[in-house]
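Source file data22.cif; content: mmCIF, C-alpha atoms and all ligand atoms.
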```cif
data_data
loop_
_atom_site.label_atom_id
_atom_site.label_comp_id
_atom_site.auth_asym_id
_atom_site.auth_seq_id
_atom_site.Cartn_x
_atom_site.Cartn_y
_atom_site.Cartn_z
CA MET A 487 22.99 -18.62 -24.60
CA ASN A 488 22.40 -19.29 -28.30
CA THR A 489 24.86 -18.50 -31.09
CA THR A 490 23.07 -15.28 -32.11
CA GLN A 491 23.14 -13.87 -28.59
CA TYR A 492 26.75 -14.89 -28.33
CA LYS A 493 27.54 -13.22 -31.63
CA ASN A 494 25.93 -10.00 -30.42
CA ILE A 495 28.20 -9.90 -27.38
CA LEU A 496 31.28 -10.58 -29.50
CA GLU A 497 30.36 -7.71 -31.81
CA GLU A 498 31.14 -5.34 -28.94
CA TYR A 499 34.75 -6.48 -29.17
CA THR A 500 35.39 -7.10 -32.84
CA THR A 501 33.90 -6.87 -36.36
CA LYS A 502 30.63 -8.58 -37.35
CA LYS A 503 32.47 -10.97 -39.64
CA ILE A 504 34.98 -12.00 -36.98
CA ALA A 505 32.26 -12.21 -34.31
CA SER A 506 30.34 -14.72 -36.39
CA TYR A 507 33.48 -16.78 -37.06
CA ILE A 508 34.31 -16.96 -33.34
CA ALA A 509 30.68 -17.67 -32.38
CA ASP A 510 30.60 -20.59 -34.85
CA VAL A 511 33.87 -22.04 -33.61
CA VAL A 512 32.72 -21.76 -30.00
CA ALA A 513 29.32 -23.33 -30.84
CA LYS A 514 31.00 -26.30 -32.55
CA GLY A 515 33.80 -26.73 -30.02
CA SER A 516 33.66 -28.18 -26.57
CA PHE A 517 35.53 -25.45 -24.77
CA GLN A 518 34.66 -22.35 -22.82
CA PHE A 519 35.54 -18.97 -24.25
CA LYS A 520 36.00 -16.16 -21.79
CA ILE A 521 36.48 -12.49 -22.58
CA ALA A 522 38.81 -11.36 -19.82
CA ALA A 523 39.51 -7.97 -18.30
CA HIS A 524 42.70 -6.23 -19.33
CA ARG A 525 45.81 -8.08 -18.19
CA VAL A 526 49.23 -6.52 -18.56
CA SER A 527 51.03 -9.85 -18.37
CA LYS A 528 49.21 -11.57 -21.23
CA LEU A 529 46.82 -11.02 -24.11
CA GLY A 530 45.06 -14.33 -23.78
CA ASP A 531 45.54 -17.85 -22.58
CA PHE A 532 44.64 -21.46 -23.07
CA SER A 533 43.98 -23.67 -20.07
CA PRO A 534 43.41 -27.40 -20.69
CA LYS A 535 40.72 -29.28 -18.79
CA GLN A 536 41.80 -30.07 -15.26
CA GLY A 537 40.35 -31.16 -11.94
CA ASN A 538 36.62 -30.59 -11.80
CA ARG A 539 36.66 -28.58 -15.00
CA ASN A 540 35.93 -31.07 -17.74
CA TYR A 541 36.41 -28.67 -20.64
CA HIS A 542 39.23 -26.52 -22.03
CA ARG A 543 39.13 -22.79 -21.60
CA ILE A 544 40.37 -20.01 -23.86
CA SER A 545 40.46 -16.45 -22.65
CA VAL A 546 41.23 -13.27 -24.57
CA ASN A 547 41.58 -9.75 -23.18
CA GLY A 548 38.54 -7.66 -24.00
CA SER A 549 40.76 -4.56 -24.04
CA LEU A 550 42.40 -5.58 -27.33
CA ASN A 551 41.46 -3.90 -30.59
CA PRO A 552 39.15 -5.93 -32.92
CA TYR A 553 41.96 -7.52 -34.94
CA ALA A 554 44.41 -8.14 -32.08
CA PHE A 555 41.47 -9.75 -30.27
CA PHE A 556 40.93 -12.13 -33.21
CA ILE A 557 44.60 -12.99 -33.73
CA THR A 558 44.92 -13.73 -30.00
CA PHE A 559 41.85 -15.98 -30.21
CA ILE A 560 43.42 -17.88 -33.13
CA HIS A 561 46.74 -18.14 -31.23
CA GLU A 562 44.95 -19.77 -28.27
CA LEU A 563 42.74 -21.93 -30.50
CA ALA A 564 45.93 -23.37 -32.04
CA HIS A 565 47.08 -24.27 -28.50
CA LEU A 566 43.78 -26.09 -27.95
CA LYS A 567 44.14 -28.08 -31.17
CA VAL A 568 47.73 -29.03 -30.32
CA TRP A 569 46.62 -30.10 -26.83
CA ASP A 570 43.93 -32.39 -28.22
CA LYS A 571 46.51 -34.13 -30.41
CA TYR A 572 49.61 -34.19 -28.18
CA GLN A 573 48.62 -32.96 -24.70
CA ASN A 574 51.77 -31.62 -23.07
CA LYS A 575 54.17 -33.85 -25.01
CA VAL A 576 55.31 -31.04 -27.33
CA LYS A 577 56.74 -27.56 -26.80
CA SER A 578 54.06 -24.93 -26.34
CA HIS A 579 55.18 -22.82 -29.34
CA GLY A 580 56.95 -25.58 -31.26
CA ASP A 581 56.40 -26.80 -34.82
CA GLU A 582 53.08 -28.48 -33.99
CA TRP A 583 51.67 -25.22 -32.69
CA LYS A 584 53.12 -23.21 -35.60
CA ASN A 585 51.47 -25.60 -38.06
CA GLU A 586 48.04 -25.36 -36.42
CA TYR A 587 48.31 -21.59 -36.12
CA ALA A 588 49.24 -21.14 -39.79
CA LYS A 589 46.51 -23.60 -40.85
CA LEU A 590 43.90 -21.52 -39.03
CA LEU A 591 45.24 -18.12 -40.01
CA ILE A 592 45.96 -18.50 -43.74
CA PRO A 593 42.32 -19.06 -44.82
CA LEU A 594 41.28 -16.04 -42.74
CA ILE A 595 43.82 -13.83 -44.49
CA ASN A 596 42.56 -15.10 -47.86
CA LYS A 597 38.93 -14.50 -46.91
CA ASN A 598 39.55 -10.86 -45.97
CA TYR A 599 38.87 -10.97 -42.27
CA PHE A 600 41.50 -8.25 -41.87
CA PRO A 601 42.15 -4.82 -43.42
CA SER A 602 44.77 -4.96 -46.18
CA ASP A 603 47.67 -3.57 -44.11
CA ILE A 604 47.14 -6.20 -41.41
CA SER A 605 46.78 -8.90 -44.09
CA SER A 606 50.17 -7.99 -45.58
CA ALA A 607 51.79 -8.01 -42.13
CA LEU A 608 50.15 -11.37 -41.44
CA ILE A 609 51.47 -12.90 -44.67
CA SER A 610 55.07 -12.24 -43.54
CA HIS A 611 54.08 -13.24 -40.00
CA VAL A 612 52.86 -16.73 -40.99
CA ASN A 613 56.07 -17.29 -42.94
CA ASN A 614 58.14 -16.67 -39.83
CA ILE A 615 55.95 -17.32 -36.82
CA LYS A 616 57.10 -16.04 -33.46
CA SER A 617 55.59 -17.26 -30.20
CA ALA A 618 53.72 -14.02 -29.62
CA THR A 619 52.48 -11.29 -31.92
CA GLN A 620 54.42 -8.68 -29.91
CA TYR A 621 57.68 -10.27 -31.04
CA ASP A 622 56.74 -9.49 -34.62
CA THR A 623 57.55 -5.79 -34.92
CA VAL A 624 55.76 -5.12 -38.21
CA LEU A 625 52.62 -6.95 -37.17
CA SER A 626 52.42 -5.38 -33.73
CA GLN A 627 52.95 -1.87 -35.12
CA THR A 628 50.29 -2.44 -37.77
CA LEU A 629 47.86 -3.78 -35.17
CA ASP A 630 48.54 -0.82 -32.87
CA LYS A 631 47.18 1.53 -35.54
CA TYR A 632 43.75 0.11 -34.81
CA ASN A 633 43.86 0.87 -31.08
CA GLU A 634 41.17 3.24 -29.86
CA ASN A 635 43.66 5.54 -28.20
CA PRO A 636 46.56 5.83 -30.62
CA ALA A 637 49.94 6.53 -29.11
CA SER A 638 50.24 9.99 -27.63
CA GLU A 639 53.62 11.72 -27.62
CA ASP A 640 53.21 12.57 -23.94
CA ASP A 641 53.68 8.96 -23.04
CA GLU A 642 56.40 6.43 -23.53
CA SER A 643 54.52 5.27 -26.57
CA ILE A 644 56.79 5.57 -29.60
CA TYR A 645 58.61 2.48 -30.78
CA ILE A 646 62.33 3.03 -30.38
CA THR A 647 62.85 1.57 -33.84
CA ASN A 648 61.19 4.69 -35.30
CA LEU A 649 63.93 6.94 -33.90
CA LYS A 650 67.34 7.71 -35.46
CA ILE A 651 70.89 7.47 -34.21
CA GLY A 652 71.57 10.51 -32.02
CA ASP A 653 67.92 10.88 -30.97
CA VAL A 654 67.26 11.35 -27.29
CA PHE A 655 64.39 9.72 -25.41
CA VAL A 656 63.10 8.90 -21.96
CA PHE A 657 62.51 5.32 -20.90
CA ARG A 658 61.17 4.57 -17.42
CA GLY A 659 62.22 7.98 -16.20
CA ARG A 660 65.79 7.79 -17.49
CA LYS A 661 67.24 9.69 -20.39
CA PHE A 662 69.09 7.91 -23.22
CA CYS A 663 70.74 8.69 -26.55
CA ILE A 664 70.69 6.20 -29.44
CA LYS A 665 74.19 5.09 -30.38
CA GLU A 666 73.90 2.25 -32.87
CA GLN A 667 71.82 -0.61 -34.16
CA LYS A 668 73.46 -4.01 -34.25
CA ARG A 669 71.71 -7.19 -35.33
CA LYS A 670 68.23 -6.75 -33.92
CA LEU A 671 69.08 -4.58 -30.92
CA ILE A 672 69.35 -0.85 -30.48
CA TYR A 673 72.23 0.28 -28.28
CA CYS A 674 71.70 3.42 -26.24
CA GLU A 675 73.79 5.38 -23.81
CA THR A 676 72.41 6.91 -20.63
CA ILE A 677 72.60 10.70 -20.26
CA PRO A 678 74.77 11.82 -18.57
CA LYS A 679 77.14 9.35 -20.20
CA SER A 680 77.77 6.26 -18.23
CA ARG A 681 76.36 3.00 -19.42
CA ILE A 682 75.21 1.36 -22.65
CA TYR A 683 71.95 -0.54 -22.72
CA ALA A 684 70.54 -2.74 -25.48
CA PHE A 685 66.88 -2.14 -26.37
CA ASN A 686 64.47 -4.39 -28.19
CA PRO A 687 63.17 -2.52 -31.30
CA ILE A 688 59.62 -2.68 -29.94
CA ALA A 689 60.46 -0.96 -26.66
CA LYS A 690 58.17 2.05 -26.26
CA VAL A 691 59.88 5.31 -25.36
CA LYS A 692 59.18 9.03 -25.15
CA PRO A 693 61.25 11.04 -27.63
CA ILE A 694 62.62 14.40 -26.47
CA ASN A 695 63.11 17.37 -28.69
CA ILE A 696 66.71 18.13 -27.85
CA LYS A 697 66.55 21.69 -29.27
CA ASN A 698 64.09 22.64 -26.56
CA GLU A 699 66.27 21.06 -23.97
CA ILE A 700 69.48 22.97 -24.64
CA ARG A 701 69.01 26.61 -23.93
ZN ZN B 1 50.92 -19.16 -26.87
#
```
Can the structure in the file be given as structure tokens, please?
Amino acid sequence: MNTTQYKNILEEYTTKKIASYIADVVAKGSFQFKIAAHRVSKLGDFSPKQGNRNYHRISVNGSLNPYAFFITFIHELAHLKVWDKYQNKVKSHGDEWKNEYAKLLIPLINKNYFPSDISSALISHVNNIKSATQYDTVLSQTLDKYNENPASEDDESIYITNLKIGDVFVFRGRKFCIKEQKRKLIYCETIPKSRIYAFNPIAKVKPINIKNEIR
């Protein structure tokens, strides 16, 4: 497959500009790039050459929105670059990886590969890189806005961090009330009252309108 054909396939998953960037990187690199089916457990992965496979492989979920797709590709590409320099002698999301990731990402932010809201989220993101985009609340919420099926209130699809103290919500079939926020966690009490649980701010929940509940 030539680069143009490859670019055409990528355009089904992301923007023209990003598709041509990825197609160029893939054409110049000596690795296989695979667009994977949706996986709940991961957004993408990097697998170094092993056994009979004499080339590295990067995979990214095709179910991601155009920008999450690209950021995941860059995340995995940074793993590939770290592997070529250090193999498995360094931590997978250590300083070496953070450096490669930032080095790849910063020029892309500057060259407007992303809409302005994602660019702003990415600027804070590269200054405090977490191992996965989902751990960066602002970035993951900004990226979610570009999903084809935006969060519906019927689902457990609202970030808990968007609710207030006293709000009631359902999480995995159980009802909770928000009690307090301490450090980075949100403490909630089950209803009826019994136990306190700590939630990560990016937990997705279904808010309940309490006025409709009490009759
Ligand atoms: Zn990683």
Report the closest atom pair, with its distance in Å rounded to one decimal, for each residue of chain A that has an atom no farther than 9 Å from ligand ZN 1 (chain B); count only C-alpha atoms and all ligand atoms, sort by chain and then rising residue number, and write it as CSV.
```
residue,atom,partner,partner_atom,distance
A:Gly530,CA,B:ZN1,ZN,8.2
A:Asp531,CA,B:ZN1,ZN,7.0
A:Phe532,CA,B:ZN1,ZN,7.7
A:Thr558,CA,B:ZN1,ZN,8.7
A:His561,CA,B:ZN1,ZN,6.1
A:Glu562,CA,B:ZN1,ZN,6.2
A:Ala564,CA,B:ZN1,ZN,8.3
A:His565,CA,B:ZN1,ZN,6.6
A:Ser578,CA,B:ZN1,ZN,6.6
A:His579,CA,B:ZN1,ZN,6.1
A:Trp583,CA,B:ZN1,ZN,8.4
A:Ser617,CA,B:ZN1,ZN,6.0
A:Ala618,CA,B:ZN1,ZN,6.5
```
Of the residues A:Pro534, A:Ser516, A:Leu625, A:Leu496, which is the one nearest to Ile557 (chain A), using only C-alpha atoms?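 Checking each candidate against Ile557 (chain A), we get A:Leu625 as the closest.
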Just the residues within 9 Å of Leu550 (chain A), please, counting all atoms listed in the file, with nothing from its chain fewer than 6 positions along; format it as a list of chain:residue names.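 Listing them by chain and then by number gives A:Tyr499, A:His524, A:Leu529, A:Phe556, A:Thr558, A:Asn633.
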For Leu563 (chain A): contacts at 9 Å, only C-alpha atoms, fewer than 6 positions along chain excluded, given as a VMD selection string: chain A and resid 532 544 586 to 587 590
Just the residues within 12 Å of Arg669 (chain A), please, counting all atoms listed in the file, with nothing from its chain fewer than 4 positions along; format it as a ChimeraX atom specification. /A:673,684-687
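Between CA of Ala513 (chain A) and CA of Gly548 (chain A) lies a distance of 19.4 Å.
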Selected residue of minimal separation from Lys616 (chain A) among A:Leu629, A:Thr500, A:Gly580, A:Val568, counting all atoms listed in the file: A:Gly580
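Taking CA of Thr628 (chain A) and CA of Lys670 (chain A) as the two end points, the separation is 18.8 Å.
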Distance query Ile595 (chain A) at most 8 Å, all atoms listed in the file, self and fewer than 3 positions along chain excluded, as a tab-separated table (two decimals) with C-alpha atoms, in the coordinates of the input:
```tsv
chain	number	residue	atom	x	y	z
A	591	LEU	CA	45.24	-18.12	-40.01
A	592	ILE	CA	45.96	-18.50	-43.74
A	598	ASN	CA	39.55	-10.86	-45.97
A	599	TYR	CA	38.87	-10.97	-42.27
A	600	PHE	CA	41.50	-8.25	-41.87
A	605	SER	CA	46.78	-8.90	-44.09
A	608	LEU	CA	50.15	-11.37	-41.44
A	609	ILE	CA	51.47	-12.90	-44.67
```
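Atom to atom, CA of Lys567 (chain A) and CA of Phe555 (chain A) stand 18.5 Å apart.
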Leaving out Asp510 (chain A) and any residue of its chain fewer than 3 positions from it, which residues lie within 10 Å of it when counting only C-alpha atoms, given as a ChimeraX atom specification? /A:489-490,492-493,504-507,513-515
Which centre and edge lengths in Å to one decimal define the box along x, y and z that fits every listed atom of region 557-567 of chain A plus 8 Å per side, as JSON?
```
{"center_x": 44.5, "center_y": -20.5, "center_z": -30.8, "size_x": 21.2, "size_y": 31.1, "size_z": 21.8}
```
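Closest approach to Phe662 (chain A) from the set A:Tyr645, A:Tyr683, A:Phe519, A:Phe559 is made by A:Tyr683, with distances taken over all atoms listed in the file.
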Measuring atom to atom with only C-alpha atoms, identify which of A:Val576, A:Ala588, A:Ile644, A:Cys663 is nearest to Lys631 (chain A). A:Ile644
Please return as a PyMOL selection string every residue within 12 Å of (60.2, -1.9, -25.8), taking into account all atoms listed in the file and the file's own coordinates. chain A and resi 620-621+623+626-627+642-648+656-658+671-672+684-692
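For the set A:Val511, A:Ile495, A:Val612, A:Leu649, the residue with the smallest atom-to-atom gap to Lys584 (chain A) is A:Val612, counting only C-alpha atoms.
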Generate the missing atoms of region 556-582 of chain A up to N, CA and C atoms and report them as an mmCIF file, in the frame of the given file.
```cif
data_model
loop_
_atom_site.group_PDB
_atom_site.id
_atom_site.type_symbol
_atom_site.label_atom_id
_atom_site.label_comp_id
_atom_site.auth_asym_id
_atom_site.auth_seq_id
_atom_site.Cartn_x
_atom_site.Cartn_y
_atom_site.Cartn_z
ATOM 1 N N PHE A 556 41.121 -10.947 -32.353
ATOM 2 C CA PHE A 556 40.930 -12.130 -33.210
ATOM 3 C C PHE A 556 42.218 -12.947 -33.329
ATOM 4 N N ILE A 557 43.338 -12.271 -33.567
ATOM 5 C CA ILE A 557 44.600 -12.990 -33.730
ATOM 6 C C ILE A 557 44.961 -13.716 -32.432
ATOM 7 N N THR A 558 44.666 -13.073 -31.289
ATOM 8 C CA THR A 558 44.920 -13.730 -30.000
ATOM 9 C C THR A 558 44.024 -14.960 -29.836
ATOM 10 N N PHE A 559 42.763 -14.828 -30.255
ATOM 11 C CA PHE A 559 41.850 -15.980 -30.210
ATOM 12 C C PHE A 559 42.415 -17.145 -31.033
ATOM 13 N N ILE A 560 42.879 -16.844 -32.241
ATOM 14 C CA ILE A 560 43.420 -17.880 -33.130
ATOM 15 C C ILE A 560 44.688 -18.509 -32.516
ATOM 16 N N HIS A 561 45.524 -17.659 -31.906
ATOM 17 C CA HIS A 561 46.740 -18.140 -31.230
ATOM 18 C C HIS A 561 46.362 -19.197 -30.168
ATOM 19 N N GLU A 562 45.355 -18.864 -29.357
ATOM 20 C CA GLU A 562 44.950 -19.770 -28.270
ATOM 21 C C GLU A 562 44.220 -20.998 -28.816
ATOM 22 N N LEU A 563 43.442 -20.804 -29.878
ATOM 23 C CA LEU A 563 42.740 -21.930 -30.500
ATOM 24 C C LEU A 563 43.754 -22.959 -31.034
ATOM 25 N N ALA A 564 44.875 -22.464 -31.566
ATOM 26 C CA ALA A 564 45.930 -23.370 -32.040
ATOM 27 C C ALA A 564 46.491 -24.174 -30.861
ATOM 28 N N HIS A 565 46.635 -23.529 -29.685
ATOM 29 C CA HIS A 565 47.080 -24.270 -28.500
ATOM 30 C C HIS A 565 46.096 -25.394 -28.159
ATOM 31 N N LEU A 566 44.810 -25.092 -28.257
ATOM 32 C CA LEU A 566 43.780 -26.090 -27.950
ATOM 33 C C LEU A 566 43.883 -27.293 -28.893
ATOM 34 N N LYS A 567 44.065 -27.002 -30.181
ATOM 35 C CA LYS A 567 44.140 -28.080 -31.170
ATOM 36 C C LYS A 567 45.385 -28.946 -30.939
ATOM 37 N N VAL A 568 46.500 -28.287 -30.602
ATOM 38 C CA VAL A 568 47.730 -29.030 -30.320
ATOM 39 C C VAL A 568 47.524 -29.901 -29.070
ATOM 40 N N TRP A 569 46.863 -29.349 -28.061
ATOM 41 C CA TRP A 569 46.620 -30.100 -26.830
ATOM 42 C C TRP A 569 45.802 -31.359 -27.112
ATOM 43 N N ASP A 570 44.768 -31.224 -27.921
ATOM 44 C CA ASP A 570 43.930 -32.390 -28.220
ATOM 45 C C ASP A 570 44.710 -33.490 -28.924
ATOM 46 N N LYS A 571 45.730 -33.106 -29.694
ATOM 47 C CA LYS A 571 46.510 -34.130 -30.410
ATOM 48 C C LYS A 571 47.666 -34.669 -29.574
ATOM 49 N N TYR A 572 48.348 -33.782 -28.836
ATOM 50 C CA TYR A 572 49.610 -34.190 -28.180
ATOM 51 C C TYR A 572 49.648 -33.953 -26.678
ATOM 52 N N GLN A 573 48.604 -33.399 -26.106
ATOM 53 C CA GLN A 573 48.620 -32.960 -24.700
ATOM 54 C C GLN A 573 49.897 -32.139 -24.449
ATOM 55 N N ASN A 574 50.587 -32.443 -23.349
ATOM 56 C CA ASN A 574 51.770 -31.620 -23.070
ATOM 57 C C ASN A 574 53.074 -32.266 -23.528
ATOM 58 N N LYS A 575 52.968 -33.139 -24.558
ATOM 59 C CA LYS A 575 54.170 -33.850 -25.010
ATOM 60 C C LYS A 575 55.030 -33.008 -25.954
ATOM 61 N N VAL A 576 54.521 -31.869 -26.405
ATOM 62 C CA VAL A 576 55.310 -31.040 -27.330
ATOM 63 C C VAL A 576 55.506 -29.652 -26.725
ATOM 64 N N LYS A 577 56.472 -28.924 -27.272
ATOM 65 C CA LYS A 577 56.740 -27.560 -26.800
ATOM 66 C C LYS A 577 55.538 -26.665 -27.086
ATOM 67 N N SER A 578 55.296 -25.693 -26.191
ATOM 68 C CA SER A 578 54.060 -24.930 -26.340
ATOM 69 C C SER A 578 54.034 -24.089 -27.638
ATOM 70 N N HIS A 579 55.184 -23.563 -28.074
ATOM 71 C CA HIS A 579 55.180 -22.820 -29.340
ATOM 72 C C HIS A 579 56.100 -23.495 -30.364
ATOM 73 N N GLY A 580 56.103 -24.815 -30.335
ATOM 74 C CA GLY A 580 56.950 -25.580 -31.260
ATOM 75 C C GLY A 580 56.298 -25.723 -32.636
ATOM 76 N N ASP A 581 56.866 -26.628 -33.440
ATOM 77 C CA ASP A 581 56.400 -26.800 -34.820
ATOM 78 C C ASP A 581 54.925 -27.199 -34.905
ATOM 79 N N GLU A 582 54.484 -28.030 -33.958
ATOM 80 C CA GLU A 582 53.080 -28.480 -33.990
ATOM 81 C C GLU A 582 52.152 -27.280 -33.839
#
```
